[in-house]
Structures are given as structure tokens and as C-alpha cells.
file structure_8.txt (compact mmCIF, C-alpha atoms and all ligand atoms)
# COMPACT_ATOMS: atom_id res chain seq x y z
CA MET A 2 261.41 270.23 127.84
CA THR A 3 257.91 271.18 126.82
CA ASP A 4 255.03 271.86 129.11
CA ALA A 5 251.62 273.03 127.99
CA THR A 6 250.88 274.74 131.30
CA PRO A 7 251.43 278.48 130.90
CA MET A 8 253.99 279.90 133.26
CA PRO A 9 252.56 282.47 135.67
CA SER A 10 253.52 285.84 134.34
CA SER A 11 256.84 286.77 135.84
CA ASP A 12 255.46 290.30 136.09
CA ASP A 13 252.80 289.41 138.60
CA THR A 14 254.81 289.77 141.78
CA LEU A 15 254.32 292.07 144.70
CA ALA A 16 257.47 293.93 143.66
CA SER A 17 256.18 294.52 140.13
CA ARG A 18 252.74 295.58 141.35
CA LEU A 19 254.35 298.03 143.75
CA ALA A 20 256.51 299.44 140.94
CA ALA A 21 253.45 299.79 138.69
CA LEU A 22 251.51 301.50 141.46
CA ARG A 23 254.34 303.95 142.13
CA ALA A 24 254.50 304.73 138.41
CA ARG A 25 250.76 305.47 138.32
CA MET A 26 251.10 307.65 141.43
CA ALA A 27 253.97 309.59 139.83
CA ALA A 28 252.01 310.05 136.60
CA ALA A 29 248.98 311.37 138.51
CA CYS A 30 251.23 313.78 140.42
CA ALA A 31 252.75 314.97 137.14
CA ARG A 32 249.28 315.60 135.66
CA ALA A 33 248.41 317.66 138.72
CA GLY A 34 251.70 319.57 138.60
CA ARG A 35 252.75 318.12 141.94
CA PRO A 36 256.15 316.64 142.84
CA ALA A 37 256.03 312.83 142.98
CA GLY A 38 257.18 312.88 146.59
CA ASP A 39 253.99 314.70 147.62
CA VAL A 40 251.92 311.55 147.95
CA THR A 41 252.66 308.62 150.21
CA LEU A 42 251.31 305.12 149.95
CA LEU A 43 249.57 303.40 152.83
CA PRO A 44 249.38 299.72 151.93
CA VAL A 45 246.13 298.22 153.23
CA SER A 46 246.83 294.70 154.42
CA LYS A 47 243.41 293.74 155.83
CA THR A 48 242.56 290.08 155.07
CA PHE A 49 246.11 289.42 153.82
CA GLY A 50 248.33 287.15 155.87
CA VAL A 51 251.58 287.78 157.65
CA ASP A 52 253.66 286.27 154.84
CA ARG A 53 252.42 288.87 152.35
CA ILE A 54 253.05 291.64 154.84
CA ARG A 55 256.54 290.36 155.50
CA GLU A 56 257.16 290.33 151.76
CA ALA A 57 255.88 293.91 151.49
CA ALA A 58 258.09 294.97 154.39
CA GLY A 59 261.02 293.49 152.46
CA LEU A 60 260.20 296.00 149.70
CA GLY A 61 260.54 298.88 152.14
CA LEU A 62 256.95 299.34 153.32
CA THR A 63 256.74 300.01 157.06
CA ARG A 64 253.19 301.24 157.79
CA PHE A 65 250.15 299.09 157.12
CA GLY A 66 246.45 299.97 157.18
CA GLU A 67 244.02 297.62 158.88
CA ASN A 68 240.37 298.04 159.74
CA LYS A 69 240.03 295.80 162.78
CA THR A 70 241.88 295.91 166.07
CA GLN A 71 241.69 292.10 166.37
CA GLU A 72 243.45 291.69 163.05
CA ILE A 73 246.27 294.03 164.09
CA ARG A 74 246.70 292.02 167.26
CA GLN A 75 246.93 288.74 165.34
CA LYS A 76 249.50 290.08 162.91
CA ALA A 77 251.59 292.27 165.19
CA GLY A 78 252.93 289.34 167.23
CA PRO A 79 254.38 287.24 164.39
CA LEU A 80 255.74 290.39 162.71
CA ALA A 81 257.13 292.03 165.85
CA ASP A 82 260.73 291.70 164.65
CA LEU A 83 260.00 294.13 161.78
CA GLY A 84 258.95 297.11 163.90
CA LEU A 85 255.97 297.90 161.66
CA GLN A 86 253.43 300.62 162.33
CA TRP A 87 249.74 299.77 162.26
CA VAL A 88 247.26 302.35 161.09
CA LEU A 89 243.56 301.94 161.85
CA ILE A 90 241.44 303.00 158.89
CA GLY A 91 238.13 301.26 159.62
CA HIS A 92 235.18 302.28 161.72
CA LEU A 93 236.28 301.93 165.33
CA GLN A 94 233.83 300.93 168.02
CA THR A 95 234.28 302.73 171.30
CA ASN A 96 234.65 299.42 173.14
CA LYS A 97 237.76 298.71 171.04
CA ALA A 98 239.56 301.86 172.21
CA LYS A 99 241.75 299.90 174.60
CA GLU A 100 243.10 297.66 171.82
CA ALA A 101 243.55 300.62 169.48
CA ALA A 102 245.42 302.61 172.11
CA ARG A 103 247.75 299.69 172.69
CA ASP A 104 248.48 298.54 169.13
CA ALA A 105 247.84 301.36 166.66
CA ALA A 106 250.44 303.95 165.72
CA GLU A 107 247.72 306.09 164.22
CA VAL A 108 243.93 306.23 163.85
CA GLN A 109 242.50 307.63 160.61
CA SER A 110 238.86 306.95 161.47
CA LEU A 111 238.35 309.41 164.32
CA ASP A 112 234.78 310.53 163.76
CA ARG A 113 233.11 311.32 167.09
CA LEU A 114 233.88 312.80 170.49
CA GLU A 115 232.81 309.67 172.32
CA LEU A 116 235.61 307.80 170.54
CA ALA A 117 238.13 310.60 171.18
CA GLU A 118 237.23 310.47 174.85
CA ALA A 119 237.66 306.68 175.04
CA LEU A 120 240.97 306.80 173.17
CA GLN A 121 242.25 309.62 175.37
CA ARG A 122 241.51 307.64 178.53
CA ARG A 123 243.23 304.49 177.24
CA LEU A 124 246.20 306.35 175.74
CA ASP A 125 246.68 308.18 179.01
CA LEU A 126 246.89 304.88 180.87
CA GLN A 127 249.50 303.68 178.38
CA GLY A 128 251.41 306.96 178.45
CA ARG A 129 251.08 307.18 174.68
CA VAL A 130 250.31 309.96 172.23
CA ILE A 131 249.28 309.01 168.67
CA ASP A 132 248.55 310.75 165.39
CA ALA A 133 244.95 310.94 164.26
CA LEU A 134 243.07 311.95 161.15
CA VAL A 135 239.45 312.99 161.33
CA GLN A 136 237.22 310.97 159.02
CA VAL A 137 234.72 313.20 157.26
CA LYS A 138 231.63 312.02 155.44
CA THR A 139 231.74 313.50 151.96
CA SER A 140 229.07 311.33 150.37
CA ALA A 141 225.47 310.63 151.27
CA GLU A 142 225.92 306.86 151.40
CA ASP A 143 224.52 305.44 154.63
CA SER A 144 227.17 302.72 154.70
CA LYS A 145 229.96 305.23 155.17
CA SER A 146 230.82 306.65 158.55
CA GLY A 147 232.42 309.98 159.23
CA LEU A 148 231.79 313.33 160.78
CA ALA A 149 229.39 315.70 159.02
CA PRO A 150 231.40 318.54 157.43
CA ALA A 151 229.43 321.19 159.35
CA GLU A 152 230.53 319.66 162.66
CA LEU A 153 234.23 319.80 161.84
CA PRO A 154 235.26 323.16 163.36
CA THR A 155 233.65 322.40 166.71
CA PHE A 156 235.03 318.89 166.68
CA LEU A 157 238.60 319.98 165.94
CA ARG A 158 238.50 322.59 168.70
CA ALA A 159 237.17 320.08 171.21
CA VAL A 160 239.81 317.45 170.42
CA ALA A 161 242.62 320.00 170.51
CA ARG A 162 241.41 321.27 173.88
CA ASP A 163 240.34 318.10 175.67
CA TYR A 164 242.16 315.13 174.15
CA PRO A 165 245.87 315.90 173.92
CA ALA A 166 246.84 312.24 173.44
CA LEU A 167 245.43 312.61 169.90
CA ARG A 168 247.60 314.77 167.63
CA ILE A 169 245.38 315.82 164.78
CA LYS A 170 247.34 315.74 161.52
CA GLY A 171 244.67 315.96 158.85
CA LEU A 172 241.48 314.61 157.37
CA MET A 173 240.42 311.32 155.82
CA THR A 174 237.51 310.36 153.59
CA LEU A 175 236.05 307.63 151.42
CA ALA A 176 234.56 308.83 148.16
CA VAL A 177 231.15 307.77 146.94
CA ASN A 178 231.16 304.36 145.29
CA SER A 179 230.26 305.44 141.76
CA ASP A 180 231.22 304.94 138.12
CA ASP A 181 230.93 308.67 137.60
CA PRO A 182 234.39 310.19 138.03
CA GLN A 183 232.86 313.62 138.58
CA ALA A 184 230.90 312.37 141.59
CA VAL A 185 234.00 310.72 143.03
CA ARG A 186 236.12 313.79 142.38
CA ALA A 187 233.55 316.00 144.12
CA CYS A 188 234.05 314.06 147.37
CA PHE A 189 237.82 314.52 147.26
CA ARG A 190 237.49 318.17 146.36
CA GLN A 191 235.12 318.72 149.24
CA LEU A 192 237.66 317.30 151.69
CA ARG A 193 240.42 319.53 150.35
CA GLU A 194 238.20 322.62 150.49
CA LEU A 195 237.19 321.79 154.04
CA ARG A 196 240.84 321.46 154.98
CA ASP A 197 241.56 324.88 153.47
CA GLN A 198 238.63 326.43 155.33
CA MET A 199 239.71 324.87 158.62
CA ARG A 200 243.24 326.14 158.14
CA GLY A 201 241.75 329.58 157.69
CA GLU A 202 240.19 329.25 161.14
CA GLY A 203 243.67 328.70 162.62
CA ILE A 204 242.73 326.26 165.35
CA ALA A 205 245.52 325.96 167.92
CA ASN A 206 247.32 322.61 168.09
CA VAL A 207 245.61 321.30 164.99
CA GLU A 208 247.77 320.62 161.95
CA LEU A 209 245.93 319.80 158.80
CA ASN A 210 248.78 318.90 156.47
CA ARG A 211 247.54 315.47 155.55
CA LEU A 212 244.62 314.41 153.35
CA SER A 213 244.13 310.65 153.31
CA MET A 214 241.98 309.95 150.28
CA GLY A 215 242.00 307.55 147.36
CA MET A 216 241.90 303.74 147.18
CA SER A 217 242.69 301.20 144.44
CA GLY A 218 239.79 302.27 142.25
CA ASP A 219 240.03 306.03 142.58
CA PHE A 220 243.49 307.08 143.79
CA GLU A 221 244.43 308.91 140.60
CA LEU A 222 241.43 311.22 140.93
CA ALA A 223 242.30 311.72 144.60
CA ILE A 224 245.88 312.69 143.78
CA GLU A 225 244.64 315.15 141.19
CA GLU A 226 242.42 316.68 143.90
CA GLY A 227 245.18 317.06 146.46
CA SER A 228 245.52 313.76 148.32
CA THR A 229 248.72 313.41 150.33
CA GLU A 230 248.19 309.75 151.15
CA ILE A 231 246.44 306.96 149.31
CA ARG A 232 245.23 303.78 151.00
CA VAL A 233 245.67 300.91 148.59
CA GLY A 234 244.87 297.26 149.18
CA SER A 235 243.79 295.21 146.16
CA ALA A 236 245.88 297.06 143.55
CA LEU A 237 248.92 296.01 145.55
CA PHE A 238 248.11 292.70 147.21
CA GLY A 239 245.50 291.34 144.78
CA ALA A 240 241.82 290.59 145.26
CA ARG A 241 240.69 290.13 148.84
CA GLN A 242 239.03 286.91 149.92
CA TYR A 243 236.71 287.43 152.84
CA PRO A 244 236.01 284.45 155.07
CA ALA A 245 232.54 283.01 154.38
C1 LIG A 301 239.87 298.39 152.41
C2 LIG A 301 240.06 299.85 152.51
C3 LIG A 301 240.90 300.52 151.61
C4 LIG A 301 241.62 299.86 150.46
O1 LIG A 301 240.72 299.38 149.51
P1 LIG A 301 241.20 298.86 148.05
O2 LIG A 301 240.05 299.12 147.19
O3 LIG A 301 241.51 297.42 148.22
O4 LIG A 301 242.40 299.63 147.68
C5 LIG A 301 241.08 301.89 151.79
N1 LIG A 301 240.46 302.55 152.79
C6 LIG A 301 239.65 301.95 153.67
C7 LIG A 301 239.01 302.74 154.76
C8 LIG A 301 239.42 300.57 153.56
O5 LIG A 301 238.61 299.98 154.44
call {"tool": "encode", "arguments": {"input": "structure_8.txt", "output": "C-alpha cells", "more": "lines below"}}
Ligand SMILES: *Cc1c(COP(=O)(O)O)cnc(C)c1O
result
Amino acid sequence: MTDATPMPSSDDTLASRLAALRARMAAACARAGRPAGDVTLLPVSKTFGVDRIREAAGLGLTRFGENKTQEIRQKAGPLADLGLQWVLIGHLQTNKAKEAARDAAEVQSLDRLELAEALQRRLDLQGRVIDALVQVKTSAEDSKSGLAPAELPTFLRAVARDYPALRIKGLMTLAVNSDDPQAVRACFRQLRELRDQMRGEGIANVELNRLSMGMSGDFELAIEEGSTEIRVGSALFGARQYPA
């Protein structure tokens, strides 16, 4: 039997992409002198359908990053049998706090007191407590949200004091979108240094063990700069197609 159509590469499966990603993560850890288990992977499933997520869950992935509450809602129903955890990583409007408090296991984009207040109120009503990371703006790009670094100590103290339904576990950032690795690295380094400074302040009830930084295009630099969690979409699931 001959067929001129090339077979799709047998290597291009979700399982093989996950294995390749884990190998790159381990190599970056080794370069940084860190144990491979230091860095966890948060697969980012935004725009990808429930079948892909189910396939990823079959490979052992249990937490998924999404940037819209509506999208979590749409996916959580059909996937309810898997007991997955949904992590909000996108800018969260205050008027979506109700949905976030109901469906998210964790919010990584906490960036203002108004949002903390709204989440606290909704979480209280649900009798829930969730983990949160504070998103910090480490680049000057207007398109990126996040708290200004100088506001961090006051912010952390306020959340720890007034919003106990949010357990602060660390910091999150998006690096500048740049071809210059030094510029990207500087964003990650700034987040780590801020974390170290904040630890020095010893704020009660605030744990800063986690640094969520690094995406498909820059996770190796992030790992070298101390990331504990990378948020990877396209390097795992393939290119995203946004609806027109
Ligand atoms: C989409 C997204 C990611 C993943 O992006 P990739 O480049 O596809 O890996 C990570 N973090 C945030 C906040 C995102 O919105």
C-alpha cells in the first residue's frame, strides 16, 4: 500500500509535547542548580475545548489555568466527573467576583483591594476560602495589569488583615514581551527580589512560597530566575485560535 500523503508525525501528540516540556523544565532546573521537582506546570487551557482538557487530565494534569470566568463555567460542567481545579490567571473584573468565588480554586490575578473586597464578600457567602497570588506589574507595558511593586507591602498587609477568605501564597507576573532575554529576565528577577524583600518584612498570615512566572516563550528564563510555577498554553496544546 502506497500513499503519497505524509503521515502526521507520531511525535506530535499531547503526551509527547508534555514529555518534551517536562524535559525542558528539568534541563532549566539543572542549569539553575535546582531540583527538577521545584517547578510545577500549570497548563493553560484557555480557548481549548473540553476534549483536549480531558485528554490532558488523562495524562495526570489536574489544575488548569483560564483567563475568563465564563469559560471556566462552560468547561466545568462537562468535565465535572474529573474533579479538576480551575485557576484564574487573567485580569478579573470586579463584577465577575461572584463567578470566580464559585468556580475558581485559586486566583493568580489579584491586583487591587477593590477586587479583594468583592471576592471576600462572595467567598464569605459561599463559605469558601481560596488561594491567591498577587499579580505584580514588572514591566512598563500599558497592556499588562498588576499591582505596582511599591504598593505591595501595604497591599499584602491589608489583604492579610481584612480579607481572610484569600490565602496569599505568592506572587505572579507577566514579563515584558520582548526579544531581548535580558529585558525578560529582569522582570522575573524583580519579582523574586520583591518576594525576598516582602519575606524580610515578615507579614503575618502571608506566605510567599510561590512565584508564578514564565509562559511558553520564556519559561526557561523564568525557571533560571526562581519561578516555582510556569503557566504554559501553546507549547502544550498548540497554537490558539481566537474566535473572529
Ligand atoms: C495565555 C496565558 C498564558 C499562557 O500563554 P502561552 O504563551 O500560550 O504559554 C500564561 N499566563 C497568562 C496570564 C495567560 O493569559
call {"tool": "residues_around", "arguments": {"input": "structure_8.txt", "residues": "Tyr164 (chain A)", "least_positions_apart": "6", "cutoff": "10 Å", "atoms": "only C-alpha atoms", "output": "list in words"}}
result
Leu114, Ala117, Glu118, Ala119, Leu120, Gln121, Arg122, Leu124, Asp125, Val130 and Arg158 of chain A
call {"tool": "residues_near_ligand", "arguments": {"input": "structure_8.txt", "ligand": "ligand LIG 301 (chain A)", "cutoff": "10 Å", "atoms": "all atoms listed in the file", "output": "JSON, numbers by chain"}}
result
{"A": [43, 44, 45, 46, 47, 48, 66, 67, 68, 69, 89, 90, 91, 92, 109, 110, 136, 145, 146, 173, 174, 175, 176, 213, 214, 215, 216, 217, 218, 219, 220, 231, 232, 233, 234, 235, 236, 237, 238, 239, 240, 241]}
call {"tool": "write_last_selection", "arguments": {"input": "structure_8.txt", "atoms": "C-alpha atoms", "output": "compact mmCIF listing (two decimals), in the frame of the given file"}}
result
# COMPACT_ATOMS: atom_id res chain seq x y z
CA LEU A 43 249.57 303.40 152.83
CA PRO A 44 249.38 299.72 151.93
CA VAL A 45 246.13 298.22 153.23
CA SER A 46 246.83 294.70 154.42
CA LYS A 47 243.41 293.74 155.83
CA THR A 48 242.56 290.08 155.07
CA GLY A 66 246.45 299.97 157.18
CA GLU A 67 244.02 297.62 158.88
CA ASN A 68 240.37 298.04 159.74
CA LYS A 69 240.03 295.80 162.78
CA LEU A 89 243.56 301.94 161.85
CA ILE A 90 241.44 303.00 158.89
CA GLY A 91 238.13 301.26 159.62
CA HIS A 92 235.18 302.28 161.72
CA GLN A 109 242.50 307.63 160.61
CA SER A 110 238.86 306.95 161.47
CA GLN A 136 237.22 310.97 159.02
CA LYS A 145 229.96 305.23 155.17
CA SER A 146 230.82 306.65 158.55
CA MET A 173 240.42 311.32 155.82
CA THR A 174 237.51 310.36 153.59
CA LEU A 175 236.05 307.63 151.42
CA ALA A 176 234.56 308.83 148.16
CA SER A 213 244.13 310.65 153.31
CA MET A 214 241.98 309.95 150.28
CA GLY A 215 242.00 307.55 147.36
CA MET A 216 241.90 303.74 147.18
CA SER A 217 242.69 301.20 144.44
CA GLY A 218 239.79 302.27 142.25
CA ASP A 219 240.03 306.03 142.58
CA PHE A 220 243.49 307.08 143.79
CA ILE A 231 246.44 306.96 149.31
CA ARG A 232 245.23 303.78 151.00
CA VAL A 233 245.67 300.91 148.59
CA GLY A 234 244.87 297.26 149.18
CA SER A 235 243.79 295.21 146.16
CA ALA A 236 245.88 297.06 143.55
CA LEU A 237 248.92 296.01 145.55
CA PHE A 238 248.11 292.70 147.21
CA GLY A 239 245.50 291.34 144.78
CA ALA A 240 241.82 290.59 145.26
CA ARG A 241 240.69 290.13 148.84
call {"tool": "closest_residue", "arguments": {"input": "structure_8.txt", "among": "A:Arg168, A:Val160, A:Phe49, A:Leu83", "to": "Glu107 (chain A)", "atoms": "all atoms listed in the file"}}
result
A:Arg168
call {"tool": "closest_residue", "arguments": {"input": "structure_8.txt", "among": "A:Lys170, A:Glu208, A:Phe156, A:Glu226", "to": "Val185 (chain A)", "atoms": "all atoms listed in the file"}}
result
A:Glu226
call {"tool": "closest_residue", "arguments": {"input": "structure_8.txt", "among": "A:Gly171, A:Pro165, A:Pro154, A:Gly227", "to": "Cys188 (chain A)", "atoms": "only C-alpha atoms"}}
result
A:Gly227
call {"tool": "atom_distance", "arguments": {"input": "structure_8.txt", "atom1": "CA of Ala106 (chain A)", "atom2": "CA of Leu85 (chain A)"}}
result
9.1 Å
call {"tool": "atom_distance", "arguments": {"input": "structure_8.txt", "atom1": "CA of Arg64 (chain A)", "atom2": "CA of Ile169 (chain A)"}}
result
18.0 Å
call {"tool": "atom_distance", "arguments": {"input": "structure_8.txt", "atom1": "CA of Leu153 (chain A)", "atom2": "CA of Ala166 (chain A)"}}
result
18.7 Å
call {"tool": "residues_around", "arguments": {"input": "structure_8.txt", "residues": "Leu222 (chain A)", "least_positions_apart": "6", "cutoff": "9 Å", "atoms": "only C-alpha atoms", "output": "PDB file with C-alpha atoms, keeping the file's coordinate frame"}}
result
ATOM      1  CA  ALA A  29     248.980 311.370 138.510  1.00  0.00           C
ATOM      2  CA  PRO A 182     234.390 310.190 138.030  1.00  0.00           C
ATOM      3  CA  VAL A 185     234.000 310.720 143.030  1.00  0.00           C
ATOM      4  CA  ARG A 186     236.120 313.790 142.380  1.00  0.00           C
ATOM      5  CA  PHE A 189     237.820 314.520 147.260  1.00  0.00           C
ATOM      6  CA  GLY A 215     242.000 307.550 147.360  1.00  0.00           C
ATOM      7  CA  SER A 228     245.520 313.760 148.320  1.00  0.00           C
TER       8      SER A 228
END
call {"tool": "axis_aligned_box", "arguments": {"input": "structure_8.txt", "around": "region 224-234 of chain A", "padding_each_side": "3 Å", "output": "JSON"}}
result
{"center_x": 245.6, "center_y": 307.2, "center_z": 146.2, "size_x": 12.3, "size_y": 25.8, "size_z": 16.0}
call {"tool": "closest_residue", "arguments": {"input": "structure_8.txt", "among": "A:Asp112, A:Asp13, A:Glu56, A:Asp82", "to": "Thr95 (chain A)", "atoms": "all atoms listed in the file"}}
result
A:Asp112
call {"tool": "closest_residue", "arguments": {"input": "structure_8.txt", "among": "A:Leu167, A:Leu111, A:Ala223, A:Ala133", "to": "Gly147 (chain A)", "atoms": "all atoms listed in the file"}}
result
A:Leu111
call {"tool": "residues_around", "arguments": {"input": "structure_8.txt", "residues": "Arg162 (chain A)", "least_positions_apart": "5", "cutoff": "9 Å", "atoms": "only C-alpha atoms", "output": "PyMOL selection string"}}
result
chain A and resi 157+205-206
call {"tool": "residues_around", "arguments": {"input": "structure_8.txt", "residues": "region 149-151 of chain A", "least_positions_apart": "3", "cutoff": "8 Å", "atoms": "only C-alpha atoms", "output": "PyMOL selection string"}}
result
chain A and resi 137-139+154+195
call {"tool": "write_last_selection", "arguments": {"input": "structure_8.txt", "atoms": "C-alpha atoms", "output": "PDB file, in the frame of the given file"}}
result
ATOM      1  CA  VAL A 137     234.720 313.200 157.260  1.00  0.00           C
ATOM      2  CA  LYS A 138     231.630 312.020 155.440  1.00  0.00           C
ATOM      3  CA  THR A 139     231.740 313.500 151.960  1.00  0.00           C
ATOM      4  CA  PRO A 154     235.260 323.160 163.360  1.00  0.00           C
ATOM      5  CA  LEU A 195     237.190 321.790 154.040  1.00  0.00           C
TER       6      LEU A 195
END
call {"tool": "closest_residue", "arguments": {"input": "structure_8.txt", "among": "A:Arg55, A:Arg18, A:Arg196, A:Arg103", "to": "Val88 (chain A)", "atoms": "only C-alpha atoms"}}
result
A:Arg103
call {"tool": "residues_near_point", "arguments": {"input": "structure_8.txt", "point": "(245.1, 281.2, 152.3)", "cutoff": "12 Å", "atoms": "only C-alpha atoms", "output": "mmCIF file with C-alpha atoms, in the coordinates of the input"}}
result
data_model
loop_
_atom_site.group_PDB
_atom_site.id
_atom_site.type_symbol
_atom_site.label_atom_id
_atom_site.label_comp_id
_atom_site.auth_asym_id
_atom_site.auth_seq_id
_atom_site.Cartn_x
_atom_site.Cartn_y
_atom_site.Cartn_z
ATOM 1 C CA THR A 48 242.560 290.080 155.070
ATOM 2 C CA PHE A 49 246.110 289.420 153.820
ATOM 3 C CA GLY A 50 248.330 287.150 155.870
ATOM 4 C CA VAL A 51 251.580 287.780 157.650
ATOM 5 C CA ASP A 52 253.660 286.270 154.840
ATOM 6 C CA ARG A 53 252.420 288.870 152.350
ATOM 7 C CA ARG A 241 240.690 290.130 148.840
ATOM 8 C CA GLN A 242 239.030 286.910 149.920
ATOM 9 C CA TYR A 243 236.710 287.430 152.840
ATOM 10 C CA PRO A 244 236.010 284.450 155.070
#
call {"tool": "decode", "arguments": {"input": "structure_8.txt", "residues": "region 122-205 of chain A", "atoms": "C-alpha atoms", "output": "PDB file, in the first residue's frame"}}
result
ATOM      1  CA  ARG A 122     -17.794  39.132  50.168  1.00  0.00           C
ATOM      2  CA  ARG A 123     -18.680  36.426  47.632  1.00  0.00           C
ATOM      3  CA  LEU A 124     -16.417  33.789  49.189  1.00  0.00           C
ATOM      4  CA  ASP A 125     -17.943  34.507  52.568  1.00  0.00           C
ATOM      5  CA  LEU A 126     -21.409  33.850  51.174  1.00  0.00           C
ATOM      6  CA  GLN A 127     -20.182  30.553  49.743  1.00  0.00           C
ATOM      7  CA  GLY A 128     -18.304  29.613  52.899  1.00  0.00           C
ATOM      8  CA  ARG A 129     -15.154  29.178  50.839  1.00  0.00           C
ATOM      9  CA  VAL A 130     -11.509  30.099  51.312  1.00  0.00           C
ATOM     10  CA  ILE A 131      -9.216  30.070  48.263  1.00  0.00           C
ATOM     11  CA  ASP A 132      -5.533  30.506  47.492  1.00  0.00           C
ATOM     12  CA  ALA A 133      -4.456  33.708  45.806  1.00  0.00           C
ATOM     13  CA  LEU A 134      -1.329  35.081  44.203  1.00  0.00           C
ATOM     14  CA  VAL A 135      -0.791  38.805  43.881  1.00  0.00           C
ATOM     15  CA  GLN A 136      -0.119  39.895  40.319  1.00  0.00           C
ATOM     16  CA  VAL A 137       2.669  42.449  40.184  1.00  0.00           C
ATOM     17  CA  LYS A 138       3.464  44.673  37.243  1.00  0.00           C
ATOM     18  CA  THR A 139       7.138  44.216  36.448  1.00  0.00           C
ATOM     19  CA  SER A 140       7.154  45.836  33.021  1.00  0.00           C
ATOM     20  CA  ALA A 141       6.077  49.246  31.801  1.00  0.00           C
ATOM     21  CA  GLU A 142       3.701  47.876  29.162  1.00  0.00           C
ATOM     22  CA  ASP A 143       0.291  49.511  29.433  1.00  0.00           C
ATOM     23  CA  SER A 144      -1.447  46.333  28.292  1.00  0.00           C
ATOM     24  CA  LYS A 145      -0.356  44.450  31.385  1.00  0.00           C
ATOM     25  CA  SER A 146      -2.223  44.723  34.648  1.00  0.00           C
ATOM     26  CA  GLY A 147      -0.804  44.211  38.084  1.00  0.00           C
ATOM     27  CA  LEU A 148      -0.017  45.996  41.281  1.00  0.00           C
ATOM     28  CA  ALA A 149       2.852  48.495  41.290  1.00  0.00           C
ATOM     29  CA  PRO A 150       5.791  46.994  43.224  1.00  0.00           C
ATOM     30  CA  ALA A 151       5.876  49.935  45.651  1.00  0.00           C
ATOM     31  CA  GLU A 152       2.293  49.205  46.713  1.00  0.00           C
ATOM     32  CA  LEU A 153       2.972  45.582  47.587  1.00  0.00           C
ATOM     33  CA  PRO A 154       3.748  45.801  51.335  1.00  0.00           C
ATOM     34  CA  THR A 155       0.641  47.834  52.106  1.00  0.00           C
ATOM     35  CA  PHE A 156      -1.465  45.616  49.887  1.00  0.00           C
ATOM     36  CA  LEU A 157      -0.276  42.377  51.488  1.00  0.00           C
ATOM     37  CA  ARG A 158      -0.920  43.723  54.978  1.00  0.00           C
ATOM     38  CA  ALA A 159      -4.404  44.867  54.040  1.00  0.00           C
ATOM     39  CA  VAL A 160      -5.396  41.535  52.479  1.00  0.00           C
ATOM     40  CA  ALA A 161      -3.983  39.558  55.402  1.00  0.00           C
ATOM     41  CA  ARG A 162      -5.900  41.740  57.851  1.00  0.00           C
ATOM     42  CA  ASP A 163      -9.215  42.323  56.103  1.00  0.00           C
ATOM     43  CA  TYR A 164      -9.811  39.520  53.595  1.00  0.00           C
ATOM     44  CA  PRO A 165      -9.227  36.167  55.291  1.00  0.00           C
ATOM     45  CA  ALA A 166     -11.052  34.214  52.567  1.00  0.00           C
ATOM     46  CA  LEU A 167      -7.979  34.884  50.397  1.00  0.00           C
ATOM     47  CA  ARG A 168      -4.906  32.912  51.480  1.00  0.00           C
ATOM     48  CA  ILE A 169      -1.951  34.673  49.941  1.00  0.00           C
ATOM     49  CA  LYS A 170       0.578  32.110  48.703  1.00  0.00           C
ATOM     50  CA  GLY A 171       2.886  34.118  46.488  1.00  0.00           C
ATOM     51  CA  LEU A 172       3.310  36.462  43.565  1.00  0.00           C
ATOM     52  CA  MET A 173       2.604  36.285  39.850  1.00  0.00           C
ATOM     53  CA  THR A 174       3.859  38.314  36.901  1.00  0.00           C
ATOM     54  CA  LEU A 175       3.982  38.519  33.126  1.00  0.00           C
ATOM     55  CA  ALA A 176       7.332  39.548  31.716  1.00  0.00           C
ATOM     56  CA  VAL A 177       7.726  42.231  29.090  1.00  0.00           C
ATOM     57  CA  ASN A 178       7.009  40.991  25.584  1.00  0.00           C
ATOM     58  CA  SER A 179      10.492  41.374  24.119  1.00  0.00           C
ATOM     59  CA  ASP A 180      13.090  39.572  22.025  1.00  0.00           C
ATOM     60  CA  ASP A 181      15.747  40.686  24.461  1.00  0.00           C
ATOM     61  CA  PRO A 182      16.261  37.911  27.005  1.00  0.00           C
ATOM     62  CA  GLN A 183      17.900  40.350  29.408  1.00  0.00           C
ATOM     63  CA  ALA A 184      14.775  42.508  29.489  1.00  0.00           C
ATOM     64  CA  VAL A 185      12.575  39.470  30.082  1.00  0.00           C
ATOM     65  CA  ARG A 186      14.908  38.123  32.749  1.00  0.00           C
ATOM     66  CA  ALA A 187      14.881  41.483  34.543  1.00  0.00           C
ATOM     67  CA  CYS A 188      11.104  41.206  35.063  1.00  0.00           C
ATOM     68  CA  PHE A 189      11.411  37.744  36.603  1.00  0.00           C
ATOM     69  CA  ARG A 190      14.329  38.805  38.758  1.00  0.00           C
ATOM     70  CA  GLN A 191      12.391  41.795  40.003  1.00  0.00           C
ATOM     71  CA  LEU A 192       9.540  39.551  41.148  1.00  0.00           C
ATOM     72  CA  ARG A 193      11.902  37.238  43.005  1.00  0.00           C
ATOM     73  CA  GLU A 194      13.678  40.151  44.690  1.00  0.00           C
ATOM     74  CA  LEU A 195      10.353  41.650  45.713  1.00  0.00           C
ATOM     75  CA  ARG A 196       9.341  38.318  47.204  1.00  0.00           C
ATOM     76  CA  ASP A 197      12.587  38.201  49.190  1.00  0.00           C
ATOM     77  CA  GLN A 198      12.082  41.755  50.432  1.00  0.00           C
ATOM     78  CA  MET A 199       8.496  41.040  51.459  1.00  0.00           C
ATOM     79  CA  ARG A 200       9.580  37.926  53.322  1.00  0.00           C
ATOM     80  CA  GLY A 201      12.026  40.126  55.180  1.00  0.00           C
ATOM     81  CA  GLU A 202       9.100  42.244  56.348  1.00  0.00           C
ATOM     82  CA  GLY A 203       7.527  39.133  57.921  1.00  0.00           C
ATOM     83  CA  ILE A 204       3.890  39.972  57.286  1.00  0.00           C
ATOM     84  CA  ALA A 205       1.613  37.810  59.434  1.00  0.00           C
TER      85      ALA A 205
END
